[in-house]
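Next up, final24.cif (mmCIF, N, CA and C atoms):
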```cif
data_final
loop_
_atom_site.group_PDB
_atom_site.id
_atom_site.type_symbol
_atom_site.label_atom_id
_atom_site.label_comp_id
_atom_site.auth_asym_id
_atom_site.auth_seq_id
_atom_site.Cartn_x
_atom_site.Cartn_y
_atom_site.Cartn_z
ATOM 1 N N ASN R 1 -11.386 -12.499 12.807
ATOM 2 C CA ASN R 1 -11.213 -12.429 14.249
ATOM 3 C C ASN R 1 -10.433 -13.630 14.767
ATOM 4 N N SER R 2 -9.364 -13.969 14.087
ATOM 5 C CA SER R 2 -8.576 -15.127 14.509
ATOM 6 C C SER R 2 -7.646 -14.795 15.667
ATOM 7 N N VAL R 3 -7.401 -13.512 15.914
ATOM 8 C CA VAL R 3 -6.518 -13.094 17.014
ATOM 9 C C VAL R 3 -7.308 -12.186 17.946
ATOM 10 N N ARG R 4 -7.275 -12.521 19.230
ATOM 11 C CA ARG R 4 -7.962 -11.682 20.221
ATOM 12 C C ARG R 4 -7.125 -10.437 20.493
ATOM 13 N N PRO R 5 -7.773 -9.347 20.904
ATOM 14 C CA PRO R 5 -7.033 -8.115 21.217
ATOM 15 C C PRO R 5 -5.937 -8.320 22.264
ATOM 16 N N SER R 6 -6.188 -9.157 23.251
ATOM 17 C CA SER R 6 -5.168 -9.399 24.286
ATOM 18 C C SER R 6 -3.949 -10.113 23.702
ATOM 19 N N GLU R 7 -4.177 -11.024 22.744
ATOM 20 C CA GLU R 7 -3.064 -11.713 22.092
ATOM 21 C C GLU R 7 -2.264 -10.745 21.219
ATOM 22 N N LEU R 8 -2.968 -9.879 20.526
ATOM 23 C CA LEU R 8 -2.301 -8.880 19.693
ATOM 24 C C LEU R 8 -1.436 -7.961 20.549
ATOM 25 N N LEU R 9 -1.961 -7.549 21.689
ATOM 26 C CA LEU R 9 -1.203 -6.701 22.599
ATOM 27 C C LEU R 9 0.057 -7.413 23.086
ATOM 28 N N GLN R 10 -0.062 -8.699 23.412
ATOM 29 C CA GLN R 10 1.110 -9.472 23.845
ATOM 30 C C GLN R 10 2.153 -9.553 22.734
ATOM 31 N N MET R 11 1.710 -9.748 21.504
ATOM 32 C CA MET R 11 2.644 -9.818 20.375
ATOM 33 C C MET R 11 3.339 -8.474 20.155
ATOM 34 N N GLU R 12 2.584 -7.392 20.281
ATOM 35 C CA GLU R 12 3.182 -6.062 20.125
ATOM 36 C C GLU R 12 4.224 -5.806 21.205
ATOM 37 N N LEU R 13 3.901 -6.159 22.439
ATOM 38 C CA LEU R 13 4.856 -5.969 23.535
ATOM 39 C C LEU R 13 6.101 -6.821 23.344
ATOM 40 N N LEU R 14 5.935 -8.039 22.848
ATOM 41 C CA LEU R 14 7.078 -8.906 22.582
ATOM 42 C C LEU R 14 7.982 -8.287 21.518
ATOM 43 N N ALA R 15 7.380 -7.767 20.450
ATOM 44 C CA ALA R 15 8.177 -7.126 19.392
ATOM 45 C C ALA R 15 8.920 -5.910 19.937
ATOM 46 N N LEU R 16 8.250 -5.095 20.740
ATOM 47 C CA LEU R 16 8.902 -3.918 21.325
ATOM 48 C C LEU R 16 10.064 -4.316 22.224
ATOM 49 N N ASN R 17 9.859 -5.344 23.035
ATOM 50 C CA ASN R 17 10.924 -5.797 23.940
ATOM 51 C C ASN R 17 12.107 -6.373 23.171
ATOM 52 N N LYS R 18 11.845 -7.149 22.140
ATOM 53 C CA LYS R 18 12.932 -7.744 21.353
ATOM 54 C C LYS R 18 13.733 -6.670 20.621
ATOM 55 N N LEU R 19 13.050 -5.626 20.158
ATOM 56 C CA LEU R 19 13.735 -4.544 19.455
ATOM 57 C C LEU R 19 14.319 -3.512 20.417
ATOM 58 N N LYS R 20 14.029 -3.684 21.701
ATOM 59 C CA LYS R 20 14.503 -2.774 22.754
ATOM 60 C C LYS R 20 14.081 -1.328 22.474
ATOM 61 N N TRP R 21 12.827 -1.185 22.062
ATOM 62 C CA TRP R 21 12.281 0.146 21.827
ATOM 63 C C TRP R 21 11.756 0.705 23.134
ATOM 64 N N ASP R 22 12.144 1.918 23.431
ATOM 65 C CA ASP R 22 11.678 2.597 24.642
ATOM 66 C C ASP R 22 10.591 3.585 24.245
ATOM 67 N N LEU R 23 9.363 3.256 24.574
ATOM 68 C CA LEU R 23 8.250 4.129 24.218
ATOM 69 C C LEU R 23 7.988 5.193 25.273
ATOM 70 N N ALA R 24 8.761 5.179 26.330
ATOM 71 C CA ALA R 24 8.580 6.156 27.406
ATOM 72 C C ALA R 24 9.698 7.192 27.383
ATOM 73 N N SER R 25 10.179 7.510 26.209
ATOM 74 C CA SER R 25 11.273 8.472 26.124
ATOM 75 C C SER R 25 10.781 9.873 26.488
ATOM 76 N N VAL R 26 11.688 10.674 26.974
ATOM 77 C CA VAL R 26 11.375 12.034 27.388
ATOM 78 C C VAL R 26 11.379 12.936 26.159
ATOM 79 N N THR R 27 10.375 13.779 26.060
ATOM 80 C CA THR R 27 10.258 14.703 24.931
ATOM 81 C C THR R 27 10.270 16.141 25.449
ATOM 82 N N PRO R 28 10.458 17.104 24.569
ATOM 83 C CA PRO R 28 10.408 18.507 25.013
ATOM 84 C C PRO R 28 9.082 18.871 25.680
ATOM 85 N N HIS R 29 8.001 18.230 25.241
ATOM 86 C CA HIS R 29 6.693 18.526 25.831
ATOM 87 C C HIS R 29 6.649 18.183 27.319
ATOM 88 N N ASP R 30 7.432 17.194 27.733
ATOM 89 C CA ASP R 30 7.481 16.833 29.152
ATOM 90 C C ASP R 30 8.092 17.942 29.996
ATOM 91 N N PHE R 31 8.950 18.735 29.415
ATOM 92 C CA PHE R 31 9.627 19.803 30.151
ATOM 93 C C PHE R 31 8.845 21.116 30.159
ATOM 94 N N ILE R 32 7.973 21.310 29.191
ATOM 95 C CA ILE R 32 7.256 22.586 29.094
ATOM 96 C C ILE R 32 6.484 22.884 30.374
ATOM 97 N N GLU R 33 5.749 21.915 30.888
ATOM 98 C CA GLU R 33 4.967 22.142 32.115
ATOM 99 C C GLU R 33 5.872 22.482 33.293
ATOM 100 N N HIS R 34 6.999 21.816 33.368
ATOM 101 C CA HIS R 34 7.955 22.089 34.449
ATOM 102 C C HIS R 34 8.438 23.533 34.374
ATOM 103 N N PHE R 35 8.790 23.983 33.191
ATOM 104 C CA PHE R 35 9.284 25.353 33.028
ATOM 105 C C PHE R 35 8.178 26.381 33.257
ATOM 106 N N LEU R 36 6.981 26.095 32.786
ATOM 107 C CA LEU R 36 5.871 27.028 32.989
ATOM 108 C C LEU R 36 5.544 27.192 34.470
ATOM 109 N N ALA R 37 5.695 26.117 35.231
ATOM 110 C CA ALA R 37 5.410 26.189 36.667
ATOM 111 C C ALA R 37 6.376 27.123 37.383
ATOM 112 N N LYS R 38 7.557 27.304 36.844
ATOM 113 C CA LYS R 38 8.563 28.159 37.468
ATOM 114 C C LYS R 38 8.424 29.633 37.090
ATOM 115 N N LEU R 39 7.593 29.923 36.105
ATOM 116 C CA LEU R 39 7.442 31.309 35.657
ATOM 117 C C LEU R 39 6.404 32.051 36.500
ATOM 118 N N PRO R 40 6.721 33.278 36.894
ATOM 119 C CA PRO R 40 5.780 34.067 37.702
ATOM 120 C C PRO R 40 4.754 34.796 36.826
ATOM 121 N N ILE R 41 3.889 34.025 36.189
ATOM 122 C CA ILE R 41 2.861 34.638 35.346
ATOM 123 C C ILE R 41 1.493 34.099 35.748
ATOM 124 N N HIS R 42 0.459 34.837 35.386
ATOM 125 C CA HIS R 42 -0.907 34.436 35.712
ATOM 126 C C HIS R 42 -1.302 33.186 34.937
ATOM 127 N N GLN R 43 -2.215 32.434 35.531
ATOM 128 C CA GLN R 43 -2.684 31.193 34.917
ATOM 129 C C GLN R 43 -3.269 31.444 33.526
ATOM 130 N N SER R 44 -3.927 32.571 33.357
ATOM 131 C CA SER R 44 -4.533 32.876 32.053
ATOM 132 C C SER R 44 -3.474 33.026 30.958
ATOM 133 N N SER R 45 -2.313 33.536 31.317
ATOM 134 C CA SER R 45 -1.228 33.690 30.339
ATOM 135 C C SER R 45 -0.537 32.365 30.052
ATOM 136 N N LYS R 46 -0.578 31.449 31.009
ATOM 137 C CA LYS R 46 0.127 30.173 30.828
ATOM 138 C C LYS R 46 -0.456 29.347 29.690
ATOM 139 N N GLN R 47 -1.767 29.405 29.512
ATOM 140 C CA GLN R 47 -2.388 28.605 28.455
ATOM 141 C C GLN R 47 -1.900 29.037 27.074
ATOM 142 N N ILE R 48 -1.907 30.323 26.806
ATOM 143 C CA ILE R 48 -1.450 30.804 25.495
ATOM 144 C C ILE R 48 0.056 30.605 25.344
ATOM 145 N N LEU R 49 0.788 30.770 26.436
ATOM 146 C CA LEU R 49 2.233 30.546 26.420
ATOM 147 C C LEU R 49 2.536 29.083 26.125
ATOM 148 N N ARG R 50 1.770 28.178 26.727
ATOM 149 C CA ARG R 50 1.932 26.745 26.492
ATOM 150 C C ARG R 50 1.725 26.425 25.011
ATOM 151 N N LYS R 51 0.669 26.968 24.423
ATOM 152 C CA LYS R 51 0.382 26.693 23.008
ATOM 153 C C LYS R 51 1.493 27.209 22.102
ATOM 154 N N HIS R 52 1.996 28.388 22.393
ATOM 155 C CA HIS R 52 3.084 28.940 21.576
ATOM 156 C C HIS R 52 4.357 28.105 21.737
ATOM 157 N N ALA R 53 4.670 27.702 22.965
ATOM 158 C CA ALA R 53 5.860 26.877 23.202
ATOM 159 C C ALA R 53 5.730 25.533 22.481
ATOM 160 N N GLN R 54 4.544 24.936 22.518
ATOM 161 C CA GLN R 54 4.333 23.667 21.827
ATOM 162 C C GLN R 54 4.487 23.826 20.312
ATOM 163 N N THR R 55 4.096 24.968 19.799
ATOM 164 C CA THR R 55 4.277 25.235 18.370
ATOM 165 C C THR R 55 5.757 25.313 18.020
ATOM 166 N N PHE R 56 6.537 25.988 18.870
ATOM 167 C CA PHE R 56 7.982 26.059 18.634
ATOM 168 C C PHE R 56 8.622 24.671 18.711
ATOM 169 N N VAL R 57 8.174 23.839 19.647
ATOM 170 C CA VAL R 57 8.692 22.471 19.746
ATOM 171 C C VAL R 57 8.378 21.705 18.458
ATOM 172 N N ALA R 58 7.170 21.859 17.952
ATOM 173 C CA ALA R 58 6.791 21.179 16.705
ATOM 174 C C ALA R 58 7.649 21.652 15.535
ATOM 175 N N LEU R 59 7.942 22.935 15.498
ATOM 176 C CA LEU R 59 8.818 23.456 14.438
ATOM 177 C C LEU R 59 10.227 22.876 14.551
ATOM 178 N N CYS R 60 10.720 22.743 15.770
ATOM 179 C CA CYS R 60 12.056 22.163 15.975
ATOM 180 C C CYS R 60 12.103 20.711 15.502
ATOM 181 N N ALA R 61 10.987 20.004 15.650
ATOM 182 C CA ALA R 61 10.940 18.600 15.231
ATOM 183 C C ALA R 61 11.057 18.452 13.722
ATOM 184 N N THR R 62 10.793 19.520 12.985
ATOM 185 C CA THR R 62 10.880 19.447 11.522
ATOM 186 C C THR R 62 12.228 19.909 10.989
ATOM 187 N N ASP R 63 13.109 20.351 11.874
ATOM 188 C CA ASP R 63 14.409 20.889 11.456
ATOM 189 C C ASP R 63 15.526 19.948 11.898
ATOM 190 N N VAL R 64 16.298 19.473 10.957
ATOM 191 C CA VAL R 64 17.365 18.515 11.233
ATOM 192 C C VAL R 64 18.422 19.074 12.188
ATOM 193 N N ASN R 65 18.564 20.376 12.256
ATOM 194 C CA ASN R 65 19.573 20.980 13.132
ATOM 195 C C ASN R 65 19.296 20.759 14.615
ATOM 196 N N PHE R 66 18.077 20.382 14.961
ATOM 197 C CA PHE R 66 17.726 20.197 16.367
ATOM 198 C C PHE R 66 17.749 18.731 16.806
ATOM 199 N N ILE R 67 18.112 17.825 15.917
ATOM 200 C CA ILE R 67 18.072 16.398 16.236
ATOM 201 C C ILE R 67 18.938 16.048 17.441
ATOM 202 N N ALA R 68 20.118 16.618 17.530
ATOM 203 C CA ALA R 68 21.043 16.268 18.609
ATOM 204 C C ALA R 68 20.825 17.096 19.873
ATOM 205 N N SER R 69 19.902 18.031 19.848
ATOM 206 C CA SER R 69 19.670 18.883 21.021
ATOM 207 C C SER R 69 18.867 18.130 22.075
ATOM 208 N N PRO R 70 19.235 18.298 23.344
ATOM 209 C CA PRO R 70 18.475 17.641 24.412
ATOM 210 C C PRO R 70 17.040 18.182 24.462
ATOM 211 N N PRO R 71 16.081 17.333 24.800
ATOM 212 C CA PRO R 71 14.688 17.780 24.882
ATOM 213 C C PRO R 71 14.491 18.956 25.840
ATOM 214 N N SER R 72 15.252 18.977 26.922
ATOM 215 C CA SER R 72 15.116 20.076 27.885
ATOM 216 C C SER R 72 15.548 21.401 27.272
ATOM 217 N N MET R 73 16.567 21.370 26.425
ATOM 218 C CA MET R 73 17.045 22.595 25.784
ATOM 219 C C MET R 73 16.025 23.105 24.767
ATOM 220 N N ILE R 74 15.440 22.198 24.020
ATOM 221 C CA ILE R 74 14.421 22.593 23.049
ATOM 222 C C ILE R 74 13.218 23.197 23.767
ATOM 223 N N ALA R 75 12.818 22.582 24.876
ATOM 224 C CA ALA R 75 11.678 23.101 25.638
ATOM 225 C C ALA R 75 11.987 24.463 26.234
ATOM 226 N N ALA R 76 13.166 24.622 26.819
ATOM 227 C CA ALA R 76 13.537 25.907 27.424
ATOM 228 C C ALA R 76 13.596 27.000 26.364
ATOM 229 N N GLY R 77 14.183 26.693 25.225
ATOM 230 C CA GLY R 77 14.243 27.667 24.142
ATOM 231 C C GLY R 77 12.867 28.005 23.602
ATOM 232 N N SER R 78 12.001 27.018 23.544
ATOM 233 C CA SER R 78 10.645 27.242 23.050
ATOM 234 C C SER R 78 9.839 28.114 24.002
ATOM 235 N N VAL R 79 9.986 27.872 25.297
ATOM 236 C CA VAL R 79 9.286 28.702 26.288
ATOM 237 C C VAL R 79 9.826 30.129 26.239
ATOM 238 N N ALA R 80 11.143 30.263 26.173
ATOM 239 C CA ALA R 80 11.746 31.602 26.116
ATOM 240 C C ALA R 80 11.304 32.346 24.855
ATOM 241 N N ALA R 81 11.270 31.643 23.720
ATOM 242 C CA ALA R 81 10.831 32.275 22.471
ATOM 243 C C ALA R 81 9.363 32.669 22.544
ATOM 244 N N ALA R 82 8.554 31.842 23.195
ATOM 245 C CA ALA R 82 7.134 32.171 23.344
ATOM 246 C C ALA R 82 6.945 33.405 24.210
ATOM 247 N N VAL R 83 7.708 33.502 25.301
ATOM 248 C CA VAL R 83 7.631 34.683 26.170
ATOM 249 C C VAL R 83 8.037 35.920 25.388
ATOM 250 N N GLN R 84 9.131 35.820 24.648
ATOM 251 C CA GLN R 84 9.608 36.954 23.858
ATOM 252 C C GLN R 84 8.573 37.346 22.799
ATOM 253 N N GLY R 85 8.028 36.361 22.123
ATOM 254 C CA GLY R 85 7.075 36.628 21.056
ATOM 255 C C GLY R 85 5.766 37.227 21.537
ATOM 256 N N LEU R 86 5.366 36.857 22.748
ATOM 257 C CA LEU R 86 4.112 37.374 23.304
ATOM 258 C C LEU R 86 4.320 38.650 24.107
ATOM 259 N N TYR R 87 5.545 39.114 24.169
ATOM 260 C CA TYR R 87 5.905 40.335 24.906
ATOM 261 C C TYR R 87 5.519 40.269 26.385
ATOM 262 N N LEU R 88 5.550 39.074 26.966
ATOM 263 C CA LEU R 88 5.248 38.946 28.390
ATOM 264 C C LEU R 88 6.345 39.553 29.237
ATOM 265 N N LYS R 89 7.542 39.660 28.670
ATOM 266 C CA LYS R 89 8.668 40.206 29.420
ATOM 267 C C LYS R 89 8.442 41.662 29.802
ATOM 268 N N SER R 90 7.605 42.369 29.050
ATOM 269 C CA SER R 90 7.413 43.789 29.318
ATOM 270 C C SER R 90 6.683 44.035 30.632
ATOM 271 N N THR R 91 5.965 43.026 31.134
ATOM 272 C CA THR R 91 5.232 43.207 32.380
ATOM 273 C C THR R 91 6.052 42.830 33.598
ATOM 274 N N ASP R 92 7.122 42.079 33.402
ATOM 275 C CA ASP R 92 7.900 41.618 34.545
ATOM 276 C C ASP R 92 9.353 41.438 34.122
ATOM 277 N N SER R 93 10.266 42.111 34.821
ATOM 278 C CA SER R 93 11.683 42.035 34.445
ATOM 279 C C SER R 93 12.277 40.649 34.670
ATOM 280 N N CYS R 94 11.648 39.824 35.520
ATOM 281 C CA CYS R 94 12.197 38.483 35.742
ATOM 282 C C CYS R 94 11.944 37.581 34.539
ATOM 283 N N LEU R 95 11.198 38.058 33.544
ATOM 284 C CA LEU R 95 10.982 37.293 32.323
ATOM 285 C C LEU R 95 11.897 37.748 31.196
ATOM 286 N N SER R 96 12.992 38.400 31.544
ATOM 287 C CA SER R 96 13.957 38.809 30.529
ATOM 288 C C SER R 96 14.660 37.575 29.973
ATOM 289 N N SER R 97 15.282 37.727 28.818
ATOM 290 C CA SER R 97 15.976 36.594 28.194
ATOM 291 C C SER R 97 17.025 36.003 29.117
ATOM 292 N N GLN R 98 17.749 36.845 29.817
ATOM 293 C CA GLN R 98 18.799 36.356 30.703
ATOM 294 C C GLN R 98 18.213 35.543 31.851
ATOM 295 N N ASN R 99 17.151 36.015 32.450
ATOM 296 C CA ASN R 99 16.544 35.286 33.560
ATOM 297 C C ASN R 99 15.840 34.018 33.101
ATOM 298 N N LEU R 100 15.287 34.034 31.894
ATOM 299 C CA LEU R 100 14.606 32.848 31.389
ATOM 300 C C LEU R 100 15.561 31.688 31.164
ATOM 301 N N THR R 101 16.813 31.981 30.894
ATOM 302 C CA THR R 101 17.774 30.904 30.637
ATOM 303 C C THR R 101 18.438 30.401 31.907
ATOM 304 N N ASN R 102 18.009 30.856 33.044
ATOM 305 C CA ASN R 102 18.564 30.389 34.318
ATOM 306 C C ASN R 102 17.728 29.299 34.953
ATOM 307 N N PHE R 103 17.004 28.529 34.148
ATOM 308 C CA PHE R 103 16.229 27.420 34.680
ATOM 309 C C PHE R 103 17.196 26.467 35.300
#
```
Take the structure in this file and express it as structure tokens.
Amino acid sequence: NSVRPSELLQMELLALNKLKWDLASVTPHDFIEHFLAKLPIHQSSKQILRKHAQTFVALCATDVNFIASPPSMIAAGSVAAAVQGLYLKSTDSCLSSQNLTNF
């Protein structure tokens, strides 16, 4: 116990600042809620849609082809794929592929 937790935190922050690491970067997960709020679906459907979209985002993180894609594009594609996969589009024409890409 030679270093107090507050001292350790200060050292970590100093290292982050010196390396100019930004820990508040925007991720696709930040956009999912924004896109879900714009969809005209019931709250009960949003939870399962959110989980499916998050799964697609996780899959994109494992594929090198998505490295250069903006987080917003990955999130929009993930939400659209989740809607398509769950067949939510069949209940409302505004959830068609064309309308989903007009975010």
For the provided coordinates, the residues matched by the PyMOL selection byres ((chain R and resi 53) around 7) should be stated as a ChimeraX atom specification. /R:48-52,54-58,78-83
Contacts of region 26-40 of chain R within 6 Å, only N, CA and C atoms, excl. fewer than 3 positions in-chain, as a PyMOL selection string: chain R and resi 71-72+74-75
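Across the model, the gap from atom N of Asn17 (chain R) to atom N of Ala61 (chain R) is 26.4 Å.
Straight-line separation from atom N of Gln47 (chain R) to atom N of Leu23 (chain R): 28.8 Å.
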List every residue of region 2-101 of chain R that DSSP, applied to the backbone, labels as alpha helix (DSSP H), and write the result as a VMD selection string. chain R and resid 5 to 19 28 to 38 43 to 61 71 to 85 97 to 100
Between CA of Gly77 (chain R) and CA of Ile41 (chain R), distance in Å (one decimal): 17.4 Å
